[in-house]
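Student: Contents of input_3.tsv (TSV, C-alpha atoms and all ligand atoms) are given next:
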chain	number	residue	atom	x	y	z
A	1197	MET	CA	0.00	0.00	0.00
A	1198	LEU	CA	1.26	3.47	-0.87
A	1199	PRO	CA	1.29	5.92	2.02
A	1200	VAL	CA	-1.31	8.18	0.39
A	1201	ARG	CA	-2.55	11.01	2.58
A	1202	PRO	CA	-6.23	10.41	3.46
A	1203	ALA	CA	-7.07	13.92	2.21
A	1204	ILE	CA	-5.76	13.01	-1.26
A	1205	ALA	CA	-7.31	9.53	-1.34
A	1206	ALA	CA	-10.70	11.12	-0.64
A	1207	LEU	CA	-10.19	14.08	-3.02
A	1208	THR	CA	-12.54	14.77	-5.93
A	1209	PRO	CA	-10.27	16.62	-8.37
A	1210	TYR	CA	-11.26	19.91	-10.02
A	1211	VAL	CA	-12.71	19.49	-13.53
A	1212	PRO	CA	-11.55	22.25	-15.91
A	1213	GLY	CA	-13.51	23.18	-19.06
A	1214	GLU	CA	-12.72	20.78	-21.92
A	1215	GLN	CA	-9.84	21.76	-24.25
A	1216	PRO	CA	-10.67	19.87	-27.46
A	1217	ASP	CA	-9.09	20.22	-30.92
A	1218	GLY	CA	-9.78	23.30	-33.04
A	1219	THR	CA	-13.01	22.13	-34.66
A	1220	PHE	CA	-15.25	23.67	-31.99
A	1221	VAL	CA	-16.22	27.26	-31.28
A	1222	LYS	CA	-15.01	27.26	-27.69
A	1223	LEU	CA	-17.33	29.14	-25.36
A	1224	ASN	CA	-16.90	26.93	-22.29
A	1225	ALA	CA	-13.93	28.25	-20.29
A	1226	ASN	CA	-14.38	32.05	-20.21
A	1227	GLU	CA	-11.35	32.59	-22.37
A	1228	ASN	CA	-10.89	35.81	-24.36
A	1229	PRO	CA	-11.99	35.37	-28.00
A	1230	TYR	CA	-9.42	37.90	-29.25
A	1231	PRO	CA	-5.67	37.37	-29.52
A	1232	PRO	CA	-3.47	39.13	-26.96
A	1233	SER	CA	-1.88	42.49	-27.81
A	1234	PRO	CA	0.50	42.16	-30.78
A	1235	ARG	CA	3.18	43.40	-28.37
A	1236	VAL	CA	2.82	40.12	-26.43
A	1237	LEU	CA	3.62	37.98	-29.46
A	1238	GLU	CA	6.51	40.31	-30.36
A	1239	ALA	CA	7.93	39.95	-26.85
A	1240	VAL	CA	7.62	36.17	-27.03
A	1241	ALA	CA	9.28	36.11	-30.48
A	1242	ARG	CA	12.16	38.24	-29.13
A	1243	ALA	CA	12.91	35.71	-26.38
A	1244	THR	CA	16.52	34.58	-26.57
A	1245	GLY	CA	18.18	31.20	-26.19
A	1246	ASP	CA	19.47	32.34	-22.82
A	1247	GLN	CA	15.96	33.08	-21.61
A	1248	VAL	CA	15.11	29.47	-22.32
A	1249	ARG	CA	18.44	27.99	-21.15
A	1250	LEU	CA	18.63	29.78	-17.81
A	1251	TYR	CA	16.23	29.71	-14.90
A	1252	PRO	CA	13.80	32.63	-14.85
A	1253	ASP	CA	13.83	35.39	-12.22
A	1254	ALA	CA	12.44	33.48	-9.22
A	1255	LEU	CA	10.82	36.66	-7.90
A	1256	SER	CA	9.37	37.88	-11.25
A	1257	ARG	CA	10.69	41.34	-10.30
A	1258	ALA	CA	10.25	43.19	-13.61
A	1259	LEU	CA	6.74	41.78	-14.06
A	1260	ARG	CA	5.75	42.64	-10.49
A	1261	ALA	CA	7.05	46.18	-10.93
A	1262	VAL	CA	4.82	46.72	-13.98
A	1263	ALA	CA	1.85	45.07	-12.28
A	1264	ALA	CA	2.35	47.15	-9.13
A	1265	ARG	CA	2.24	50.33	-11.22
A	1266	ALA	CA	-0.94	49.14	-12.93
A	1267	PHE	CA	-2.54	48.34	-9.56
A	1268	GLY	CA	-1.37	51.56	-7.88
A	1269	VAL	CA	0.63	49.85	-5.11
A	1270	GLY	CA	4.29	49.18	-4.32
A	1271	GLN	CA	6.10	46.14	-5.73
A	1272	ASP	CA	6.25	44.47	-2.30
A	1273	TRP	CA	2.44	44.47	-2.27
A	1274	VAL	CA	2.32	42.09	-5.28
A	1275	ILE	CA	3.12	38.41	-5.80
A	1276	ALA	CA	3.08	36.82	-9.26
A	1277	GLY	CA	1.65	33.37	-9.87
A	1278	ASN	CA	1.52	30.79	-12.62
A	1279	GLY	CA	-2.06	31.92	-13.15
A	1280	SER	CA	-4.09	33.16	-10.19
A	1281	ASP	CA	-4.76	29.49	-9.38
A	1282	ASP	CA	-1.10	29.32	-8.32
A	1283	VAL	CA	-1.69	32.20	-5.88
A	1284	LEU	CA	-4.70	30.31	-4.52
A	1285	THR	CA	-2.39	27.34	-3.90
A	1286	MET	CA	0.05	29.59	-1.99
A	1287	ILE	CA	-2.85	30.91	0.10
A	1288	VAL	CA	-4.07	27.46	1.16
A	1289	ARG	CA	-0.49	26.34	1.92
A	1290	THR	CA	0.02	29.40	4.10
A	1291	PHE	CA	-3.23	29.52	6.02
A	1292	LEU	CA	-4.88	26.06	6.10
A	1293	ASP	CA	-4.09	23.10	8.34
A	1294	PRO	CA	-5.99	19.79	8.46
A	1295	GLY	CA	-9.35	20.32	10.16
A	1296	ASP	CA	-9.50	24.03	9.28
A	1297	THR	CA	-12.49	25.62	7.57
A	1298	ILE	CA	-12.94	27.82	4.52
A	1299	ALA	CA	-16.09	29.82	3.80
A	1300	VAL	CA	-17.39	29.97	0.22
A	1301	VAL	CA	-20.68	30.95	-1.35
A	1302	ASP	CA	-22.72	28.52	-3.42
A	1303	PRO	CA	-22.50	28.50	-6.37
A	1304	THR	CA	-18.96	29.73	-6.96
A	1305	TYR	CA	-15.54	28.72	-8.36
A	1306	THR	CA	-15.13	25.16	-7.09
A	1307	LEU	CA	-11.32	25.15	-7.07
A	1308	TYR	CA	-11.32	26.91	-3.67
A	1309	GLU	CA	-12.89	23.84	-2.13
A	1310	THR	CA	-10.61	21.41	-3.98
A	1311	LEU	CA	-7.45	23.22	-2.86
A	1312	ALA	CA	-8.71	23.39	0.73
A	1313	ALA	CA	-9.45	19.65	0.65
A	1314	MET	CA	-5.84	18.98	-0.43
A	1315	GLN	CA	-4.76	20.60	2.87
A	1316	GLY	CA	-7.27	18.45	4.80
A	1317	ALA	CA	-9.46	21.50	5.40
A	1318	HIS	CA	-13.19	21.52	4.72
A	1319	ALA	CA	-15.50	24.04	3.13
A	1320	ARG	CA	-18.61	25.55	4.60
A	1321	ARG	CA	-20.90	26.64	1.77
A	1322	TYR	CA	-23.23	29.61	2.14
A	1323	PRO	CA	-25.98	29.50	-0.49
A	1324	LEU	CA	-26.51	32.81	-2.28
A	1325	THR	CA	-29.99	34.31	-1.92
A	1326	GLU	CA	-32.65	33.93	-4.64
A	1327	GLN	CA	-31.30	37.19	-6.15
A	1328	TRP	CA	-27.74	35.75	-6.06
A	1329	GLU	CA	-26.75	38.08	-3.23
A	1330	LEU	CA	-24.59	37.31	-0.18
A	1331	PRO	CA	-26.50	35.58	2.62
A	1332	GLU	CA	-26.44	37.21	6.04
A	1333	ALA	CA	-24.49	34.32	7.64
A	1334	PHE	CA	-21.57	34.77	5.19
A	1335	PHE	CA	-20.59	38.04	6.86
A	1336	GLY	CA	-18.15	37.13	9.63
A	1337	ALA	CA	-18.45	33.39	8.87
A	1338	PRO	CA	-16.15	31.41	11.19
A	1339	ALA	CA	-13.30	30.33	8.87
A	1340	GLN	CA	-9.55	30.58	8.53
A	1341	VAL	CA	-10.01	31.74	4.92
A	1342	THR	CA	-13.07	33.20	3.15
A	1343	PHE	CA	-13.07	33.16	-0.67
A	1344	LEU	CA	-15.28	35.33	-2.86
A	1345	PRO	CA	-15.01	36.10	-6.57
A	1346	ASN	CA	-16.43	39.46	-7.64
A	1347	PRO	CA	-18.05	39.21	-10.16
A	1348	ASN	CA	-18.95	35.73	-8.97
A	1349	ALA	CA	-17.89	32.71	-11.02
A	1350	GLN	CA	-20.68	30.76	-12.74
A	1351	THR	CA	-23.31	33.45	-12.06
A	1352	GLY	CA	-21.43	36.55	-13.33
A	1353	THR	CA	-23.20	38.69	-10.74
A	1354	LEU	CA	-21.46	41.66	-9.14
A	1355	PHE	CA	-21.74	42.19	-5.39
A	1356	SER	CA	-22.39	45.75	-4.21
A	1357	ALA	CA	-19.72	48.07	-2.83
A	1358	ALA	CA	-21.59	48.09	0.49
A	1359	ALA	CA	-21.57	44.28	0.65
A	1360	ILE	CA	-17.84	44.04	-0.12
A	1361	ARG	CA	-16.96	46.68	2.46
A	1362	ARG	CA	-19.11	45.00	5.05
A	1363	LEU	CA	-17.49	41.64	4.26
A	1364	CYS	CA	-14.00	43.13	4.63
A	1365	ALA	CA	-14.90	44.57	8.00
A	1366	ALA	CA	-16.61	41.39	9.25
A	1367	ALA	CA	-14.39	38.61	7.83
A	1368	GLN	CA	-12.63	36.40	10.32
A	1369	GLY	CA	-9.19	35.16	9.29
A	1370	VAL	CA	-8.12	35.94	5.72
A	1371	LEU	CA	-10.47	37.27	3.03
A	1372	VAL	CA	-9.62	36.46	-0.60
A	1373	LEU	CA	-11.41	38.68	-3.09
A	1374	ASP	CA	-10.92	37.07	-6.48
A	1375	GLU	CA	-11.18	39.71	-9.23
A	1376	ALA	CA	-10.61	37.39	-12.21
A	1377	TYR	CA	-13.61	38.97	-13.99
A	1378	ALA	CA	-13.47	42.50	-12.52
A	1379	PRO	CA	-12.10	44.16	-15.71
A	1380	PHE	CA	-15.38	43.25	-17.47
A	1381	ALA	CA	-17.37	44.87	-14.66
A	1382	GLY	CA	-15.26	48.02	-14.66
A	1383	VAL	CA	-15.17	47.83	-10.85
A	1384	THR	CA	-12.30	46.90	-8.53
A	1385	TYR	CA	-11.96	46.78	-4.77
A	1386	LEU	CA	-8.19	46.34	-4.93
A	1387	PRO	CA	-7.51	49.69	-3.13
A	1388	LEU	CA	-9.15	48.19	-0.01
A	1389	VAL	CA	-5.92	46.23	0.64
A	1390	ARG	CA	-4.51	49.44	2.13
A	1391	GLU	CA	-7.28	49.52	4.72
A	1392	PHE	CA	-7.66	45.81	5.55
A	1393	PRO	CA	-4.52	43.84	6.56
A	1394	HIS	CA	-6.29	40.48	6.18
A	1395	LEU	CA	-7.46	41.12	2.59
A	1396	ILE	CA	-5.83	39.48	-0.47
A	1397	VAL	CA	-7.10	40.58	-3.90
A	1398	LEU	CA	-6.44	38.29	-6.87
A	1399	ARG	CA	-6.09	39.43	-10.48
A	1400	THR	CA	-5.35	37.42	-13.62
A	1401	LEU	CA	-4.21	38.16	-17.16
A	1402	SER	CA	-5.99	35.00	-18.40
A	1403	LYS	CA	-9.30	36.63	-19.28
A	1404	SER	CA	-8.97	40.40	-19.70
A	1405	HIS	CA	-5.50	40.18	-21.35
A	1406	ALA	CA	-6.05	36.94	-23.35
A	1407	LEU	CA	-3.10	35.17	-21.72
A	1408	ALA	CA	-4.79	32.03	-20.36
A	1409	GLY	CA	-2.29	29.78	-22.14
A	1410	LEU	CA	0.73	31.51	-20.60
A	1411	ARG	CA	-0.56	31.50	-17.01
A	1412	VAL	CA	0.00	34.88	-15.35
A	1413	GLY	CA	-1.87	35.95	-12.22
A	1414	PHE	CA	-1.26	38.13	-9.17
A	1415	GLY	CA	-2.04	38.40	-5.48
A	1416	VAL	CA	-2.17	41.91	-4.01
A	1417	ALA	CA	-1.99	42.45	-0.24
A	1418	GLN	CA	-0.02	44.21	2.44
A	1419	PRO	CA	3.74	43.44	2.32
A	1420	ASP	CA	3.79	41.16	5.40
A	1421	VAL	CA	1.11	38.95	3.79
A	1422	ILE	CA	3.00	38.89	0.48
A	1423	ALA	CA	6.17	37.90	2.39
A	1424	LEU	CA	4.31	34.87	3.83
A	1425	LEU	CA	3.07	33.78	0.39
A	1426	MET	CA	6.62	34.17	-0.99
A	1427	LYS	CA	7.79	31.55	1.54
A	1428	VAL	CA	5.56	28.82	0.13
A	1429	LYS	CA	5.56	29.55	-3.62
A	1430	ASP	CA	7.23	27.08	-5.97
A	1431	SER	CA	10.80	28.32	-6.46
A	1432	TYR	CA	10.57	29.27	-10.16
A	1433	ASN	CA	6.82	29.48	-10.37
A	1434	LEU	CA	6.60	31.72	-13.44
A	1435	ASN	CA	8.54	30.82	-16.57
A	1436	ALA	CA	10.69	33.39	-18.38
A	1437	ILE	CA	8.45	33.67	-21.46
A	1438	SER	CA	5.33	34.27	-19.36
A	1439	GLN	CA	7.13	36.99	-17.43
A	1440	VAL	CA	8.01	39.00	-20.58
A	1441	ALA	CA	4.60	38.33	-22.11
A	1442	GLY	CA	2.88	39.53	-18.93
A	1443	ILE	CA	4.85	42.78	-19.00
A	1444	ALA	CA	3.95	43.43	-22.66
A	1445	ALA	CA	0.28	42.63	-22.00
A	1446	LEU	CA	0.08	44.97	-19.01
A	1447	GLU	CA	1.80	47.79	-20.89
A	1448	ASP	CA	-0.65	47.81	-23.81
A	1449	THR	CA	-3.54	49.19	-21.79
A	1450	ARG	CA	-5.30	50.78	-24.76
A	1451	TYR	CA	-5.50	47.49	-26.68
A	1452	VAL	CA	-6.81	45.65	-23.60
A	1453	GLU	CA	-9.42	48.31	-22.81
A	1454	GLU	CA	-10.74	48.26	-26.40
A	1455	ARG	CA	-11.10	44.47	-26.37
A	1456	ILE	CA	-12.81	44.48	-22.99
A	1457	ALA	CA	-15.27	47.10	-24.26
A	1458	ALA	CA	-15.97	44.94	-27.34
A	1459	ILE	CA	-16.63	41.86	-25.18
A	1460	VAL	CA	-18.99	43.84	-22.94
A	1461	ARG	CA	-20.92	45.14	-25.99
A	1462	THR	CA	-21.19	41.61	-27.37
A	1463	ARG	CA	-22.34	40.33	-23.97
A	1464	GLU	CA	-25.17	42.86	-23.87
A	1465	ALA	CA	-26.29	42.08	-27.44
A	1466	PHE	CA	-26.17	38.32	-26.75
A	1467	ALA	CA	-28.14	38.75	-23.51
A	1468	ARG	CA	-30.82	40.67	-25.43
A	1469	ALA	CA	-30.97	37.93	-28.08
A	1470	LEU	CA	-31.52	35.28	-25.39
A	1471	ALA	CA	-34.12	37.39	-23.57
A	1472	GLU	CA	-36.05	37.86	-26.85
A	1473	ARG	CA	-36.13	34.05	-27.12
A	1474	GLY	CA	-37.65	33.63	-23.67
A	1475	TRP	CA	-34.51	32.69	-21.77
A	1476	GLU	CA	-34.22	33.66	-18.08
A	1477	LEU	CA	-31.02	35.66	-17.64
A	1478	VAL	CA	-28.80	36.17	-14.64
A	1479	PRO	CA	-27.46	39.75	-14.94
A	1480	SER	CA	-23.79	39.41	-15.83
A	1481	ALA	CA	-20.87	41.78	-15.19
A	1482	ALA	CA	-18.34	39.21	-16.45
A	1483	ASN	CA	-17.25	37.76	-19.82
A	1484	PHE	CA	-19.91	35.07	-19.73
A	1485	VAL	CA	-23.67	34.81	-19.35
A	1486	LEU	CA	-25.61	32.31	-17.27
A	1487	ALA	CA	-29.11	31.73	-18.61
A	1488	ALA	CA	-31.92	29.19	-18.30
A	1489	PRO	CA	-33.69	28.09	-21.49
A	1490	PRO	CA	-37.48	28.22	-21.65
A	1491	GLY	CA	-38.54	24.78	-20.46
A	1492	GLY	CA	-35.35	24.33	-18.43
A	1493	GLN	CA	-33.75	21.66	-20.63
A	1494	ALA	CA	-30.24	23.00	-20.12
A	1495	ARG	CA	-28.32	19.76	-20.61
A	1496	GLU	CA	-30.20	19.03	-23.83
A	1497	VAL	CA	-29.26	22.50	-25.13
A	1498	VAL	CA	-25.59	21.86	-24.38
A	1499	VAL	CA	-25.63	18.50	-26.19
A	1500	ALA	CA	-27.50	19.94	-29.20
A	1501	LEU	CA	-25.03	22.84	-29.44
A	1502	GLU	CA	-22.06	20.51	-29.23
A	1503	GLN	CA	-23.42	18.58	-32.19
A	1504	ARG	CA	-23.44	21.89	-34.08
A	1505	GLY	CA	-19.84	22.69	-33.15
A	1506	TYR	CA	-20.38	25.00	-30.13
A	1507	LEU	CA	-18.90	24.11	-26.74
A	1508	VAL	CA	-20.67	25.73	-23.79
A	1509	ARG	CA	-20.79	24.71	-20.14
A	1510	HIS	CA	-23.36	22.99	-17.97
A	1511	PHE	CA	-22.99	22.43	-14.22
A	1512	ALA	CA	-24.97	19.50	-12.86
A	1513	THR	CA	-25.41	20.99	-9.39
A	1514	PRO	CA	-28.81	21.67	-7.77
A	1515	ARG	CA	-28.56	25.45	-8.07
A	1516	LEU	CA	-27.19	25.55	-11.63
A	1517	GLU	CA	-28.67	22.57	-13.48
A	1518	ARG	CA	-31.42	24.70	-15.11
A	1519	TYR	CA	-28.79	27.00	-16.63
A	1520	VAL	CA	-26.29	27.08	-19.47
A	1521	ARG	CA	-23.11	29.14	-19.12
A	1522	PHE	CA	-22.00	30.85	-22.34
A	1523	SER	CA	-18.56	32.46	-22.51
A	1524	ILE	CA	-18.68	35.58	-24.67
A	1525	GLY	CA	-16.95	35.20	-28.03
A	1526	THR	CA	-16.73	37.58	-30.97
A	1527	ASP	CA	-19.94	39.07	-32.47
A	1528	GLU	CA	-19.63	36.60	-35.31
A	1529	GLN	CA	-19.31	33.61	-32.97
A	1530	MET	CA	-22.29	34.72	-30.87
A	1531	ASP	CA	-24.45	35.36	-33.97
A	1532	GLY	CA	-23.56	31.84	-35.13
A	1533	LEU	CA	-24.44	30.48	-31.71
A	1534	VAL	CA	-27.84	32.20	-31.68
A	1535	ALA	CA	-28.53	30.84	-35.17
A	1536	ALA	CA	-27.54	27.35	-33.94
A	1537	LEU	CA	-29.87	27.74	-30.94
A	1538	ASP	CA	-32.74	28.70	-33.26
A	1539	ALA	CA	-31.97	25.80	-35.57
A	1540	CYS	CA	-31.89	23.16	-32.84
A	1541	ARG	CA	-34.74	24.51	-30.76
A	1542	ALA	CA	-37.03	21.62	-31.68
A	1543	THR	CA	-34.61	19.14	-30.08
A	1544	TRP	CA	-34.84	20.63	-26.58
A	1545	SER	CA	-37.80	22.97	-26.48
A	1546	PRO	CA	-40.99	21.67	-24.79
B	1	LIG	C1	-13.08	32.98	-10.24
B	1	LIG	C2	-11.87	32.47	-10.90
B	1	LIG	N1	-10.68	32.63	-10.30
B	1	LIG	C3	-9.54	32.19	-10.88
B	1	LIG	C4	-9.57	31.53	-12.09
B	1	LIG	C5	-8.27	31.01	-12.65
B	1	LIG	O1	-7.58	31.96	-13.30
B	1	LIG	P1	-6.09	31.74	-13.79
B	1	LIG	O2	-6.16	31.39	-15.22
B	1	LIG	O3	-5.43	33.05	-13.53
B	1	LIG	O4	-5.46	30.63	-12.97
B	1	LIG	C6	-10.77	31.33	-12.74
B	1	LIG	C7	-10.79	30.62	-14.03
B	1	LIG	O5	-11.76	30.29	-14.61
B	1	LIG	C8	-11.95	31.81	-12.14
B	1	LIG	O6	-13.15	31.62	-12.72
Let's see the structure in the file written out as structure tokens.

Tutor:
Amino acid sequence: MLPVRPAIAALTPYVPGEQPDGTFVKLNANENPYPPSPRVLEAVARATGDQVRLYPDALSRALRAVAARAFGVGQDWVIAGNGSDDVLTMIVRTFLDPGDTIAVVDPTYTLYETLAAMQGAHARRYPLTEQWELPEAFFGAPAQVTFLPNPNAQTGTLFSAAAIRRLCAAAQGVLVLDEAYAPFAGVTYLPLVREFPHLIVLRTLSKSHALAGLRVGFGVAQPDVIALLMKVKDSYNLNAISQVAGIAALEDTRYVEERIAAIVRTREAFARALAERGWELVPSAANFVLAAPPGGQAREVVVALEQRGYLVRHFATPRLERYVRFSIGTDEQMDGLVAALDACRATWSP
């Protein structure tokens, strides 16, 4: 018998969105439908043999300096991760022992729970209200770490400024505010790290900057918290190419802002198209839309769309099973998707 830790033997691993070959229109993993800034590909092409031969800067200093400027904080307030998932891993390593508790809302990004389980910690789930708002008991929930994406994953809903402030003031232990989708909402609570020493804000270049394949994310917090996370990070956690690509992506703010604006416009047009067809929409501030088809046959819709070359996401959980989650693509992709929905309506509609 292998000496497997009980926490790992019992673990249900996280299931990422499928990454199939190029024959599908991929609207299942909230990726950016546009290429990254041309400056990113130029920076990657300029990479030298030495950048590949030698180890990268273990502290990602140049990248953190650019990110810190973009976030309006000092460099020692920022840690870089191999995607923001890597920063989540550092957080659970730093703050969770076996038997500890994390607080999460339901539904939300399920990786929080998976990473906590790897530490032998367990999650207490707080169901969102009917209007997808924070339940009263979530404020000050007894937990070593509280995780909340804003906008929320899976629902796309944005929590109010008053709710976030109240949560910061009430949270026990560490509060992780995951702003993976914040650029699409045009709202950030990152400046609150100055006021709250137990707050860690996460950002990623995967979605807003179209860098999901290169894996660049950040944690922003007060310097003593960053110093703790630095202790547990993998030694060379960000490869050399991702570091230069991240810098180029962050520097081309105009390109990024234009693409974000385009995605938001497409999201609104797509939401209107679904509403006109009788779908029930969850108001989204992210780069995806969660919506329930008339008749509630969400799984059937997903299967019918897949047969027509469109990959979208279904979550078979009690709160989400009526819904389909559509990542926002280009206008052309979303027009094609709506046409496919109209064409296959007979296969799932009551
Ligand atoms: C809420 C949330 N946080 C973090 C991530 C992961 O981001 P990254 O690609 O930076 O690891 C995702 C990815 O879907 C997400 O939905």

Student: Using all atoms listed in the file, which of A:Ala1205, A:Val1300, A:Ala1319, A:Leu1237 sits nearest ligand LIG 1 (chain B)?

Tutor: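 Closest to ligand LIG 1 (chain B), using all atoms listed in the file: A:Val1300.
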
Student: Counting only C-alpha atoms, I want the residues whose atoms come within 10 Å of (17.4, 28.2, -11.4) in the file frame, returned as a list in words.

Tutor: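 Selection result: Arg1249, Leu1250, Tyr1251, Pro1252, Asp1253, Ala1254, Ser1431 and Tyr1432 of chain A.
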
Student: Write out as a tab-separated table the residues of chain A that have any atom within 9 Å of an atom of ligand LIG 1 (chain B), one row each with the nearest atom pair and its distance in Å to one decimal, counting all atoms listed in the file, sorted by chain and then rising number.

Tutor:
residue	atom	partner	partner_atom	distance
A:Pro1212	CA	B:LIG1	O5	8.1
A:Gly1213	CA	B:LIG1	O5	8.6
A:Ala1225	CA	B:LIG1	O5	6.4
A:Asn1226	CA	B:LIG1	O5	6.4
A:Glu1227	CA	B:LIG1	O5	8.1
A:Gly1277	CA	B:LIG1	O3	8.0
A:Asn1278	CA	B:LIG1	O4	7.0
A:Gly1279	CA	B:LIG1	O3	3.6
A:Ser1280	CA	B:LIG1	O3	3.6
A:Asp1281	CA	B:LIG1	O4	3.8
A:Asp1282	CA	B:LIG1	O4	6.5
A:Val1283	CA	B:LIG1	O4	8.2
A:Leu1284	CA	B:LIG1	C3	8.2
A:Thr1304	CA	B:LIG1	C1	7.5
A:Tyr1305	CA	B:LIG1	C1	5.3
A:Thr1306	CA	B:LIG1	C1	8.7
A:Leu1307	CA	B:LIG1	N1	8.2
A:Tyr1308	CA	B:LIG1	N1	8.8
A:Leu1344	CA	B:LIG1	C1	8.1
A:Pro1345	CA	B:LIG1	C1	5.2
A:Asn1346	CA	B:LIG1	C1	7.7
A:Pro1347	CA	B:LIG1	C1	8.0
A:Asn1348	CA	B:LIG1	C1	6.6
A:Ala1349	CA	B:LIG1	C1	4.9
A:Gln1350	CA	B:LIG1	O6	7.6
A:Asp1374	CA	B:LIG1	N1	5.9
A:Glu1375	CA	B:LIG1	C1	7.1
A:Ala1376	CA	B:LIG1	N1	5.1
A:Tyr1377	CA	B:LIG1	C1	7.1
A:Leu1398	CA	B:LIG1	N1	7.9
A:Arg1399	CA	B:LIG1	O3	7.1
A:Thr1400	CA	B:LIG1	O3	4.4
A:Leu1401	CA	B:LIG1	O3	6.4
A:Ser1402	CA	B:LIG1	O2	4.8
A:Lys1403	CA	B:LIG1	O2	7.3
A:Leu1407	CA	B:LIG1	O2	8.1
A:Ala1408	CA	B:LIG1	O2	5.4
A:Gly1409	CA	B:LIG1	O2	8.1
A:Leu1410	CA	B:LIG1	O2	8.7
A:Arg1411	CA	B:LIG1	O2	5.9
A:Val1412	CA	B:LIG1	O3	6.0
A:Gly1413	CA	B:LIG1	O3	4.8
A:Phe1414	CA	B:LIG1	O3	7.9

Student: Would you mind reading off the distance between atom CA of Lys1222 of chain A and atom CA of Gly1415 of chain A, one decimal, in Å?

Tutor: 28.0 Å

Student: Considering all atoms listed in the file, return as an MDAnalysis selection string whatever protein or nucleic-acid residues lie within 10 Å of Arg1461 of chain A, sequence-local ones (same chain, fewer than 4 positions apart) excluded.

Tutor: chainID A and resid 1455:1457 1465:1467 1524 1526:1527

Student: Under the rule that all atoms listed in the file are counted, which of A:Asp1531, A:Glu1502, A:Glu1517, A:Glu1454 is the nearest residue to Ser1233 of chain A?

Tutor: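 Checking each of A:Asp1531, A:Glu1502, A:Glu1517, A:Glu1454 against Ser1233 of chain A, counting all atoms listed in the file, the winner is A:Glu1454.
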
Student: With only C-alpha atoms as the counted atoms, please give the residues lying no more than 12 Å from Val1341 of chain A, apart from itself and same-chain residues fewer than 3 positions off, as a PyMOL selection string.

Tutor: chain A and resi 1284+1287-1293+1296-1300+1308-1309+1311-1312+1317-1320+1334+1336-1338+1344+1367-1373+1394-1396

Student: Using all atoms listed in the file, collect all residues at a distance of at most 12 Å from (-27.6, 22.6, -9.1) as written in the file, then present them as an mmCIF file with C-alpha atoms, keeping the file's coordinate frame.

Tutor:
data_model
loop_
_atom_site.group_PDB
_atom_site.id
_atom_site.type_symbol
_atom_site.label_atom_id
_atom_site.label_comp_id
_atom_site.auth_asym_id
_atom_site.auth_seq_id
_atom_site.Cartn_x
_atom_site.Cartn_y
_atom_site.Cartn_z
ATOM 1 C CA ASP A 1302 -22.720 28.520 -3.420
ATOM 2 C CA PRO A 1303 -22.500 28.500 -6.370
ATOM 3 C CA THR A 1304 -18.960 29.730 -6.960
ATOM 4 C CA PRO A 1323 -25.980 29.500 -0.490
ATOM 5 C CA GLN A 1350 -20.680 30.760 -12.740
ATOM 6 C CA ALA A 1494 -30.240 23.000 -20.120
ATOM 7 C CA ARG A 1495 -28.320 19.760 -20.610
ATOM 8 C CA HIS A 1510 -23.360 22.990 -17.970
ATOM 9 C CA PHE A 1511 -22.990 22.430 -14.220
ATOM 10 C CA ALA A 1512 -24.970 19.500 -12.860
ATOM 11 C CA THR A 1513 -25.410 20.990 -9.390
ATOM 12 C CA PRO A 1514 -28.810 21.670 -7.770
ATOM 13 C CA ARG A 1515 -28.560 25.450 -8.070
ATOM 14 C CA LEU A 1516 -27.190 25.550 -11.630
ATOM 15 C CA GLU A 1517 -28.670 22.570 -13.480
ATOM 16 C CA ARG A 1518 -31.420 24.700 -15.110
ATOM 17 C CA TYR A 1519 -28.790 27.000 -16.630
ATOM 18 C CA VAL A 1520 -26.290 27.080 -19.470
#

Student: By how many Å are atom CA of Arg1509 of chain A and atom CA of Val1478 of chain A apart?

Tutor: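 Those two atoms sit 15.0 Å apart.
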
Student: Skip Gln1327 of chain A itself and residues of its chain fewer than 5 positions away, then list as a ChimeraX atom specification all residues within 12 Å of it, counting only C-alpha atoms.

Tutor: /A:1351,1353-1355,1477-1479

Student: Please compute the atom CA of Arg1242 of chain A-atom CA of Ala1261 of chain A distance, one decimal, in Å.

Tutor: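 Distance reported for this atom pair: 20.5 Å.
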
Student: Would you please work out which residue, of A:Ala1266, A:Leu1425, A:Val1534, A:Asp1448, is nearest to Ala1471 of chain A when using all atoms listed in the file?

Tutor: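 Smallest distance to Ala1471 of chain A is found for A:Val1534.
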
Student: Find the residues around Phe1335 of chain A up to 8 Å (all atoms listed in the file counted), leave out those fewer than 5 positions away in its own chain, and share them as a short mmCIF file (atom, residue, chain, number, x, y, z; two decimals) with C-alpha atoms, in the frame of the given file.

Tutor:
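This is the output file result09.cif:
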data_model
loop_
_atom_site.label_atom_id
_atom_site.label_comp_id
_atom_site.auth_asym_id
_atom_site.auth_seq_id
_atom_site.Cartn_x
_atom_site.Cartn_y
_atom_site.Cartn_z
CA ARG A 1362 -19.11 45.00 5.05
CA LEU A 1363 -17.49 41.64 4.26
CA ALA A 1366 -16.61 41.39 9.25
CA ALA A 1367 -14.39 38.61 7.83
#

Student: Pick from A:Val1211, A:Ala1239, A:Met1197, A:Trp1273: nearest to Ala1445 of chain A, with all atoms listed in the file counted?

Tutor: A:Ala1239
